[in-house]
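A.B. asks: Have a peek at upload.txt (compact mmCIF, N, CA and C atoms).
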```
# COMPACT_ATOMS: atom_id res chain seq x y z
N THR A 288 0.62 0.62 19.72
CA THR A 288 1.40 1.80 20.06
C THR A 288 2.37 2.13 18.93
N ARG A 289 2.90 3.32 18.97
CA ARG A 289 3.87 3.72 17.94
C ARG A 289 5.12 2.86 17.99
N ARG A 290 5.53 2.54 19.19
CA ARG A 290 6.75 1.75 19.34
C ARG A 290 6.59 0.37 18.70
N ALA A 291 5.44 -0.25 18.88
CA ALA A 291 5.19 -1.57 18.29
C ALA A 291 5.27 -1.49 16.77
N MET A 292 4.67 -0.45 16.19
CA MET A 292 4.71 -0.31 14.73
C MET A 292 6.13 -0.07 14.24
N ALA A 293 6.88 0.74 14.92
CA ALA A 293 8.28 0.99 14.53
C ALA A 293 9.09 -0.30 14.60
N ASN A 294 8.88 -1.09 15.65
CA ASN A 294 9.59 -2.37 15.76
C ASN A 294 9.22 -3.32 14.64
N TYR A 295 7.94 -3.31 14.22
CA TYR A 295 7.49 -4.14 13.11
C TYR A 295 8.28 -3.80 11.85
N TYR A 296 8.39 -2.51 11.53
CA TYR A 296 9.10 -2.10 10.33
C TYR A 296 10.60 -2.39 10.44
N ARG A 297 11.18 -2.22 11.59
CA ARG A 297 12.59 -2.55 11.78
C ARG A 297 12.83 -4.03 11.53
N ALA A 298 12.00 -4.88 12.10
CA ALA A 298 12.15 -6.33 11.93
C ALA A 298 11.94 -6.72 10.47
N PHE A 299 10.98 -6.10 9.81
CA PHE A 299 10.73 -6.40 8.41
C PHE A 299 11.95 -6.08 7.57
N GLY A 300 12.60 -4.97 7.84
CA GLY A 300 13.80 -4.58 7.09
C GLY A 300 14.94 -5.55 7.27
N ARG A 301 15.10 -6.09 8.46
CA ARG A 301 16.20 -7.02 8.74
C ARG A 301 15.95 -8.38 8.12
N ASN A 302 14.71 -8.81 8.06
CA ASN A 302 14.38 -10.16 7.62
C ASN A 302 13.76 -10.22 6.23
N ARG A 303 13.97 -9.20 5.45
CA ARG A 303 13.32 -9.09 4.14
C ARG A 303 13.59 -10.31 3.26
N GLY A 304 14.83 -10.76 3.17
CA GLY A 304 15.15 -11.92 2.34
C GLY A 304 14.44 -13.17 2.80
N GLU A 305 14.38 -13.37 4.09
CA GLU A 305 13.70 -14.53 4.65
C GLU A 305 12.20 -14.47 4.38
N LEU A 306 11.62 -13.30 4.47
CA LEU A 306 10.19 -13.15 4.23
C LEU A 306 9.82 -13.38 2.77
N ARG A 307 10.66 -12.93 1.86
CA ARG A 307 10.35 -13.06 0.43
C ARG A 307 10.17 -14.50 -0.01
N GLN A 308 10.86 -15.43 0.60
CA GLN A 308 10.72 -16.82 0.20
C GLN A 308 9.32 -17.36 0.51
N HIS A 309 8.58 -16.69 1.38
CA HIS A 309 7.24 -17.12 1.75
C HIS A 309 6.14 -16.39 0.98
N LEU A 310 6.51 -15.39 0.20
CA LEU A 310 5.51 -14.62 -0.54
C LEU A 310 4.97 -15.42 -1.71
N ARG A 311 3.69 -15.29 -1.95
CA ARG A 311 3.03 -15.90 -3.09
C ARG A 311 2.26 -14.79 -3.81
N PRO A 312 2.13 -14.91 -5.13
CA PRO A 312 1.39 -13.87 -5.85
C PRO A 312 -0.07 -13.76 -5.38
N ILE A 313 -0.56 -12.55 -5.41
CA ILE A 313 -1.98 -12.30 -5.13
C ILE A 313 -2.64 -12.21 -6.51
N ASN A 314 -3.42 -13.20 -6.85
CA ASN A 314 -4.00 -13.28 -8.18
C ASN A 314 -5.44 -12.79 -8.24
N LEU A 315 -5.80 -11.92 -7.35
CA LEU A 315 -7.13 -11.32 -7.33
C LEU A 315 -7.01 -9.85 -7.70
N PRO A 316 -8.06 -9.26 -8.24
CA PRO A 316 -8.03 -7.82 -8.47
C PRO A 316 -7.74 -7.10 -7.15
N THR A 317 -6.82 -6.17 -7.21
CA THR A 317 -6.38 -5.47 -6.00
C THR A 317 -6.32 -3.97 -6.27
N LEU A 318 -6.80 -3.19 -5.33
CA LEU A 318 -6.80 -1.74 -5.44
C LEU A 318 -5.93 -1.15 -4.35
N LEU A 319 -4.98 -0.31 -4.74
CA LEU A 319 -4.14 0.42 -3.79
C LEU A 319 -4.45 1.90 -3.96
N ILE A 320 -4.95 2.51 -2.90
CA ILE A 320 -5.25 3.94 -2.91
C ILE A 320 -4.14 4.63 -2.13
N TRP A 321 -3.42 5.50 -2.79
CA TRP A 321 -2.19 6.08 -2.24
C TRP A 321 -2.30 7.59 -2.15
N GLY A 322 -1.98 8.16 -1.02
CA GLY A 322 -1.95 9.61 -0.85
C GLY A 322 -0.62 10.17 -1.34
N VAL A 323 -0.69 11.09 -2.29
CA VAL A 323 0.52 11.69 -2.87
C VAL A 323 1.33 12.44 -1.81
N ARG A 324 0.66 12.98 -0.80
CA ARG A 324 1.34 13.72 0.26
C ARG A 324 1.79 12.80 1.41
N GLU A 325 1.91 11.53 1.14
CA GLU A 325 2.33 10.53 2.13
C GLU A 325 3.65 10.95 2.77
N PRO A 326 3.68 11.16 4.09
CA PRO A 326 4.91 11.62 4.75
C PRO A 326 5.83 10.49 5.21
N VAL A 327 5.36 9.26 5.19
CA VAL A 327 6.14 8.16 5.76
C VAL A 327 6.85 7.34 4.69
N PHE A 328 6.12 6.92 3.68
CA PHE A 328 6.68 6.06 2.64
C PHE A 328 6.87 6.84 1.34
N ILE A 329 7.92 6.54 0.62
CA ILE A 329 8.17 7.22 -0.64
C ILE A 329 7.32 6.59 -1.76
N ARG A 330 7.13 7.32 -2.83
CA ARG A 330 6.30 6.87 -3.95
C ARG A 330 6.76 5.52 -4.49
N GLU A 331 8.06 5.28 -4.52
CA GLU A 331 8.59 4.03 -5.05
C GLU A 331 8.08 2.81 -4.29
N THR A 332 7.58 3.03 -3.07
CA THR A 332 7.00 1.94 -2.29
C THR A 332 5.81 1.33 -3.01
N THR A 333 5.16 2.10 -3.88
CA THR A 333 3.96 1.63 -4.59
C THR A 333 4.28 1.03 -5.95
N GLU A 334 5.52 0.97 -6.31
CA GLU A 334 5.89 0.53 -7.66
C GLU A 334 6.52 -0.86 -7.66
N HIS A 335 6.53 -1.47 -8.84
CA HIS A 335 7.19 -2.76 -9.07
C HIS A 335 6.54 -3.91 -8.32
N PHE A 336 5.22 -3.94 -8.33
CA PHE A 336 4.47 -5.02 -7.67
C PHE A 336 3.99 -6.08 -8.65
N HIS A 337 4.20 -5.89 -9.95
CA HIS A 337 3.58 -6.76 -10.95
C HIS A 337 3.87 -8.25 -10.70
N GLU A 338 5.06 -8.56 -10.26
CA GLU A 338 5.41 -9.95 -9.99
C GLU A 338 4.55 -10.55 -8.87
N TYR A 339 4.23 -9.76 -7.88
CA TYR A 339 3.51 -10.24 -6.71
C TYR A 339 2.00 -9.99 -6.78
N VAL A 340 1.62 -8.91 -7.48
CA VAL A 340 0.21 -8.55 -7.59
C VAL A 340 -0.07 -8.17 -9.05
N PRO A 341 -0.23 -9.17 -9.91
CA PRO A 341 -0.34 -8.89 -11.35
C PRO A 341 -1.59 -8.11 -11.75
N ASN A 342 -2.65 -8.16 -10.94
CA ASN A 342 -3.88 -7.46 -11.27
C ASN A 342 -4.09 -6.28 -10.31
N LEU A 343 -3.06 -5.45 -10.21
CA LEU A 343 -3.06 -4.33 -9.28
C LEU A 343 -3.41 -3.03 -10.00
N ARG A 344 -4.32 -2.28 -9.41
CA ARG A 344 -4.63 -0.93 -9.87
C ARG A 344 -4.21 0.02 -8.76
N ILE A 345 -3.40 1.01 -9.12
CA ILE A 345 -2.95 2.01 -8.15
C ILE A 345 -3.61 3.34 -8.49
N VAL A 346 -4.24 3.95 -7.50
CA VAL A 346 -4.82 5.28 -7.66
C VAL A 346 -4.12 6.19 -6.67
N ARG A 347 -3.52 7.25 -7.18
CA ARG A 347 -2.83 8.22 -6.33
C ARG A 347 -3.72 9.44 -6.16
N VAL A 348 -3.99 9.78 -4.91
CA VAL A 348 -4.88 10.89 -4.59
C VAL A 348 -4.03 12.10 -4.20
N ASP A 349 -4.13 13.15 -5.00
CA ASP A 349 -3.26 14.32 -4.84
C ASP A 349 -3.35 15.01 -3.49
N ARG A 350 -4.55 15.20 -2.99
CA ARG A 350 -4.71 16.01 -1.77
C ARG A 350 -4.65 15.20 -0.48
N ALA A 351 -4.22 13.95 -0.55
CA ALA A 351 -4.23 13.08 0.62
C ALA A 351 -2.82 12.70 1.05
N GLY A 352 -2.73 12.37 2.35
CA GLY A 352 -1.47 11.91 2.92
C GLY A 352 -1.57 10.46 3.34
N HIS A 353 -1.04 10.14 4.51
CA HIS A 353 -0.98 8.77 5.01
C HIS A 353 -2.37 8.17 5.25
N PHE A 354 -3.31 8.98 5.69
CA PHE A 354 -4.66 8.49 5.97
C PHE A 354 -5.61 8.99 4.89
N VAL A 355 -5.53 8.35 3.74
CA VAL A 355 -6.30 8.78 2.57
C VAL A 355 -7.80 8.78 2.87
N GLN A 356 -8.26 7.78 3.61
CA GLN A 356 -9.69 7.69 3.90
C GLN A 356 -10.18 8.87 4.73
N THR A 357 -9.30 9.51 5.48
CA THR A 357 -9.67 10.69 6.27
C THR A 357 -9.50 11.96 5.45
N ASP A 358 -8.44 12.02 4.66
CA ASP A 358 -8.13 13.22 3.88
C ASP A 358 -9.05 13.41 2.68
N ALA A 359 -9.50 12.31 2.08
CA ALA A 359 -10.33 12.39 0.88
C ALA A 359 -11.40 11.30 0.90
N PRO A 360 -12.30 11.34 1.88
CA PRO A 360 -13.28 10.26 2.02
C PRO A 360 -14.19 10.07 0.81
N GLU A 361 -14.56 11.16 0.15
CA GLU A 361 -15.45 11.04 -1.01
C GLU A 361 -14.78 10.24 -2.13
N ILE A 362 -13.53 10.55 -2.38
CA ILE A 362 -12.78 9.86 -3.43
C ILE A 362 -12.60 8.39 -3.07
N VAL A 363 -12.22 8.13 -1.84
CA VAL A 363 -12.02 6.74 -1.40
C VAL A 363 -13.32 5.96 -1.52
N ASN A 364 -14.44 6.53 -1.08
CA ASN A 364 -15.72 5.85 -1.18
C ASN A 364 -16.08 5.53 -2.63
N GLU A 365 -15.89 6.49 -3.52
CA GLU A 365 -16.18 6.27 -4.94
C GLU A 365 -15.31 5.15 -5.50
N LEU A 366 -14.03 5.17 -5.18
CA LEU A 366 -13.11 4.15 -5.68
C LEU A 366 -13.48 2.76 -5.15
N LEU A 367 -13.83 2.68 -3.87
CA LEU A 367 -14.20 1.39 -3.29
C LEU A 367 -15.49 0.84 -3.88
N ILE A 368 -16.46 1.70 -4.09
CA ILE A 368 -17.72 1.25 -4.70
C ILE A 368 -17.47 0.78 -6.13
N GLU A 369 -16.72 1.55 -6.89
CA GLU A 369 -16.38 1.16 -8.27
C GLU A 369 -15.63 -0.16 -8.29
N PHE A 370 -14.68 -0.33 -7.38
CA PHE A 370 -13.89 -1.55 -7.32
C PHE A 370 -14.76 -2.75 -6.94
N ALA A 371 -15.66 -2.57 -5.99
CA ALA A 371 -16.53 -3.66 -5.54
C ALA A 371 -17.49 -4.09 -6.65
N ARG A 372 -17.90 -3.15 -7.48
CA ARG A 372 -18.79 -3.48 -8.58
C ARG A 372 -18.07 -4.22 -9.71
N GLY A 373 -16.75 -4.13 -9.69
CA GLY A 373 -15.94 -4.87 -10.65
C GLY A 373 -15.95 -4.29 -12.01
```
In structure tokens, how does this file's structure come out?
C.D. replies:
Amino acid sequence: TRRAMANYYRAFGRNRGELRQHLRPINLPTLLIWGVREPVFIRETTEHFHEYVPNLRIVRVDRAGHFVQTDAPEIVNELLIEFARG
């Protein structure tokens, strides 16, 4: 439900310092597909991950919002196939 998701984000904000001590780097190739028209999270949410995800590729899709796979399925499919092929 929406309420459950909102509570998740509230709890994450309060316990951020506690959670960070448990984070470990993701040392695998990682793809983040981001909708430029994202109404919930700001662009800065996608930045400064190098410490945690050193092999991160970010692709920003201009015509997409929060649900990139719905807004731009062709682009998402192409990116996923390319990423899977390595």
A.B. asks: May I have the residues within 7 Å of range 336-342 of chain A as a ChimeraX atom specification, using only C-alpha atoms and disregarding those fewer than 4 positions away in the same chain?
C.D. replies: /A:311-317
A.B. asks: So, with all atoms listed in the file as the atoms that count, which of A:Thr333, A:Glu365, A:Phe354, A:Val346 lies closest to Leu319 in chain A?
C.D. replies: A:Val346
A.B. asks: Please run DSSP on the backbone and report, as an mmCIF file with N, CA and C atoms, keeping the file's coordinate frame, all residues within chain A that come out as alpha helix (DSSP H).
C.D. replies:
```cif
data_model
loop_
_atom_site.group_PDB
_atom_site.id
_atom_site.type_symbol
_atom_site.label_atom_id
_atom_site.label_comp_id
_atom_site.auth_asym_id
_atom_site.auth_seq_id
_atom_site.Cartn_x
_atom_site.Cartn_y
_atom_site.Cartn_z
ATOM 1 N N ARG A 289 2.900 3.320 18.970
ATOM 2 C CA ARG A 289 3.870 3.720 17.940
ATOM 3 C C ARG A 289 5.120 2.860 17.990
ATOM 4 N N ARG A 290 5.530 2.540 19.190
ATOM 5 C CA ARG A 290 6.750 1.750 19.340
ATOM 6 C C ARG A 290 6.590 0.370 18.700
ATOM 7 N N ALA A 291 5.440 -0.250 18.880
ATOM 8 C CA ALA A 291 5.190 -1.570 18.290
ATOM 9 C C ALA A 291 5.270 -1.490 16.770
ATOM 10 N N MET A 292 4.670 -0.450 16.190
ATOM 11 C CA MET A 292 4.710 -0.310 14.730
ATOM 12 C C MET A 292 6.130 -0.070 14.240
ATOM 13 N N ALA A 293 6.880 0.740 14.920
ATOM 14 C CA ALA A 293 8.280 0.990 14.530
ATOM 15 C C ALA A 293 9.090 -0.300 14.600
ATOM 16 N N ASN A 294 8.880 -1.090 15.650
ATOM 17 C CA ASN A 294 9.590 -2.370 15.760
ATOM 18 C C ASN A 294 9.220 -3.320 14.640
ATOM 19 N N TYR A 295 7.940 -3.310 14.220
ATOM 20 C CA TYR A 295 7.490 -4.140 13.110
ATOM 21 C C TYR A 295 8.280 -3.800 11.850
ATOM 22 N N TYR A 296 8.390 -2.510 11.530
ATOM 23 C CA TYR A 296 9.100 -2.100 10.330
ATOM 24 C C TYR A 296 10.600 -2.390 10.440
ATOM 25 N N ARG A 297 11.180 -2.220 11.590
ATOM 26 C CA ARG A 297 12.590 -2.550 11.780
ATOM 27 C C ARG A 297 12.830 -4.030 11.530
ATOM 28 N N ALA A 298 12.000 -4.880 12.100
ATOM 29 C CA ALA A 298 12.150 -6.330 11.930
ATOM 30 C C ALA A 298 11.940 -6.720 10.470
ATOM 31 N N PHE A 299 10.980 -6.100 9.810
ATOM 32 C CA PHE A 299 10.730 -6.400 8.410
ATOM 33 C C PHE A 299 11.950 -6.080 7.570
ATOM 34 N N GLY A 300 12.600 -4.970 7.840
ATOM 35 C CA GLY A 300 13.800 -4.580 7.090
ATOM 36 C C GLY A 300 14.940 -5.550 7.270
ATOM 37 N N ARG A 301 15.100 -6.090 8.460
ATOM 38 C CA ARG A 301 16.200 -7.020 8.740
ATOM 39 C C ARG A 301 15.950 -8.380 8.120
ATOM 40 N N ARG A 303 13.970 -9.200 5.450
ATOM 41 C CA ARG A 303 13.320 -9.090 4.140
ATOM 42 C C ARG A 303 13.590 -10.310 3.260
ATOM 43 N N GLY A 304 14.830 -10.760 3.170
ATOM 44 C CA GLY A 304 15.150 -11.920 2.340
ATOM 45 C C GLY A 304 14.440 -13.170 2.800
ATOM 46 N N GLU A 305 14.380 -13.370 4.090
ATOM 47 C CA GLU A 305 13.700 -14.530 4.650
ATOM 48 C C GLU A 305 12.200 -14.470 4.380
ATOM 49 N N LEU A 306 11.620 -13.300 4.470
ATOM 50 C CA LEU A 306 10.190 -13.150 4.230
ATOM 51 C C LEU A 306 9.820 -13.380 2.770
ATOM 52 N N ARG A 307 10.660 -12.930 1.860
ATOM 53 C CA ARG A 307 10.350 -13.060 0.430
ATOM 54 C C ARG A 307 10.170 -14.500 -0.010
ATOM 55 N N VAL A 355 -5.530 8.350 3.740
ATOM 56 C CA VAL A 355 -6.300 8.780 2.570
ATOM 57 C C VAL A 355 -7.800 8.780 2.870
ATOM 58 N N GLN A 356 -8.260 7.780 3.610
ATOM 59 C CA GLN A 356 -9.690 7.690 3.900
ATOM 60 C C GLN A 356 -10.180 8.870 4.730
ATOM 61 N N THR A 357 -9.300 9.510 5.480
ATOM 62 C CA THR A 357 -9.670 10.690 6.270
ATOM 63 C C THR A 357 -9.500 11.960 5.450
ATOM 64 N N ASP A 358 -8.440 12.020 4.660
ATOM 65 C CA ASP A 358 -8.130 13.220 3.880
ATOM 66 C C ASP A 358 -9.050 13.410 2.680
ATOM 67 N N PRO A 360 -12.300 11.340 1.880
ATOM 68 C CA PRO A 360 -13.280 10.260 2.020
ATOM 69 C C PRO A 360 -14.190 10.070 0.810
ATOM 70 N N GLU A 361 -14.560 11.160 0.150
ATOM 71 C CA GLU A 361 -15.450 11.040 -1.010
ATOM 72 C C GLU A 361 -14.780 10.240 -2.130
ATOM 73 N N ILE A 362 -13.530 10.550 -2.380
ATOM 74 C CA ILE A 362 -12.780 9.860 -3.430
ATOM 75 C C ILE A 362 -12.600 8.390 -3.070
ATOM 76 N N VAL A 363 -12.220 8.130 -1.840
ATOM 77 C CA VAL A 363 -12.020 6.740 -1.400
ATOM 78 C C VAL A 363 -13.320 5.960 -1.520
ATOM 79 N N ASN A 364 -14.440 6.530 -1.080
ATOM 80 C CA ASN A 364 -15.720 5.850 -1.180
ATOM 81 C C ASN A 364 -16.080 5.530 -2.630
ATOM 82 N N GLU A 365 -15.890 6.490 -3.520
ATOM 83 C CA GLU A 365 -16.180 6.270 -4.940
ATOM 84 C C GLU A 365 -15.310 5.150 -5.500
ATOM 85 N N LEU A 366 -14.030 5.170 -5.180
ATOM 86 C CA LEU A 366 -13.110 4.150 -5.680
ATOM 87 C C LEU A 366 -13.480 2.760 -5.150
ATOM 88 N N LEU A 367 -13.830 2.680 -3.870
ATOM 89 C CA LEU A 367 -14.200 1.390 -3.290
ATOM 90 C C LEU A 367 -15.490 0.840 -3.880
ATOM 91 N N ILE A 368 -16.460 1.700 -4.090
ATOM 92 C CA ILE A 368 -17.720 1.250 -4.700
ATOM 93 C C ILE A 368 -17.470 0.780 -6.130
ATOM 94 N N GLU A 369 -16.720 1.550 -6.890
ATOM 95 C CA GLU A 369 -16.380 1.160 -8.270
ATOM 96 C C GLU A 369 -15.630 -0.160 -8.290
ATOM 97 N N PHE A 370 -14.680 -0.330 -7.380
ATOM 98 C CA PHE A 370 -13.890 -1.550 -7.320
ATOM 99 C C PHE A 370 -14.760 -2.750 -6.940
ATOM 100 N N ALA A 371 -15.660 -2.570 -5.990
ATOM 101 C CA ALA A 371 -16.530 -3.660 -5.540
ATOM 102 C C ALA A 371 -17.490 -4.090 -6.650
ATOM 103 N N ARG A 372 -17.900 -3.150 -7.480
ATOM 104 C CA ARG A 372 -18.790 -3.480 -8.580
ATOM 105 C C ARG A 372 -18.070 -4.220 -9.710
#
```
A.B. asks: Using atom N of Ile345 in chain A and atom C of His309 in chain A as the two end points, give the distance in Å to one decimal.
C.D. replies: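 Spanning atom N of Ile345 in chain A to atom C of His309 in chain A is a straight-line distance of 22.3 Å.
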A.B. asks: Quick one, how far is CA of Ala293 in chain A from atom C of Val327 in chain A?
C.D. replies: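 Interatomic distance here is 11.8 Å.
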A.B. asks: Mind pulling up the distance from CA of Pro326 in chain A to CA of Asn364 in chain A?
C.D. replies: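 CA of Pro326 in chain A lies at a distance of 22.2 Å from CA of Asn364 in chain A.
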A.B. asks: So, with all atoms listed in the file as the atoms that count, which of A:His335, A:Gly373, A:Leu366, A:Phe328 lies closest to His353 in chain A?
C.D. replies: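 Closest to His353 in chain A of all the choices is A:Phe328.
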A.B. asks: Which residue out of A:Ile320, A:Gln308, A:Arg297, A:Met292 has the minimum interatomic distance to Val363 in chain A when only N, CA and C atoms are used?
C.D. replies: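 When distances to Val363 in chain A are compared using only N, CA and C atoms, the smallest one comes from A:Ile320.
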A.B. asks: Which of these, A:Asn294, A:Trp321, A:Glu331, A:Leu343, has the shortest distance to Gln356 in chain A once you count only C-alpha atoms?
C.D. replies: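 Among A:Asn294, A:Trp321, A:Glu331, A:Leu343, it is A:Trp321 that comes nearest to Gln356 in chain A.
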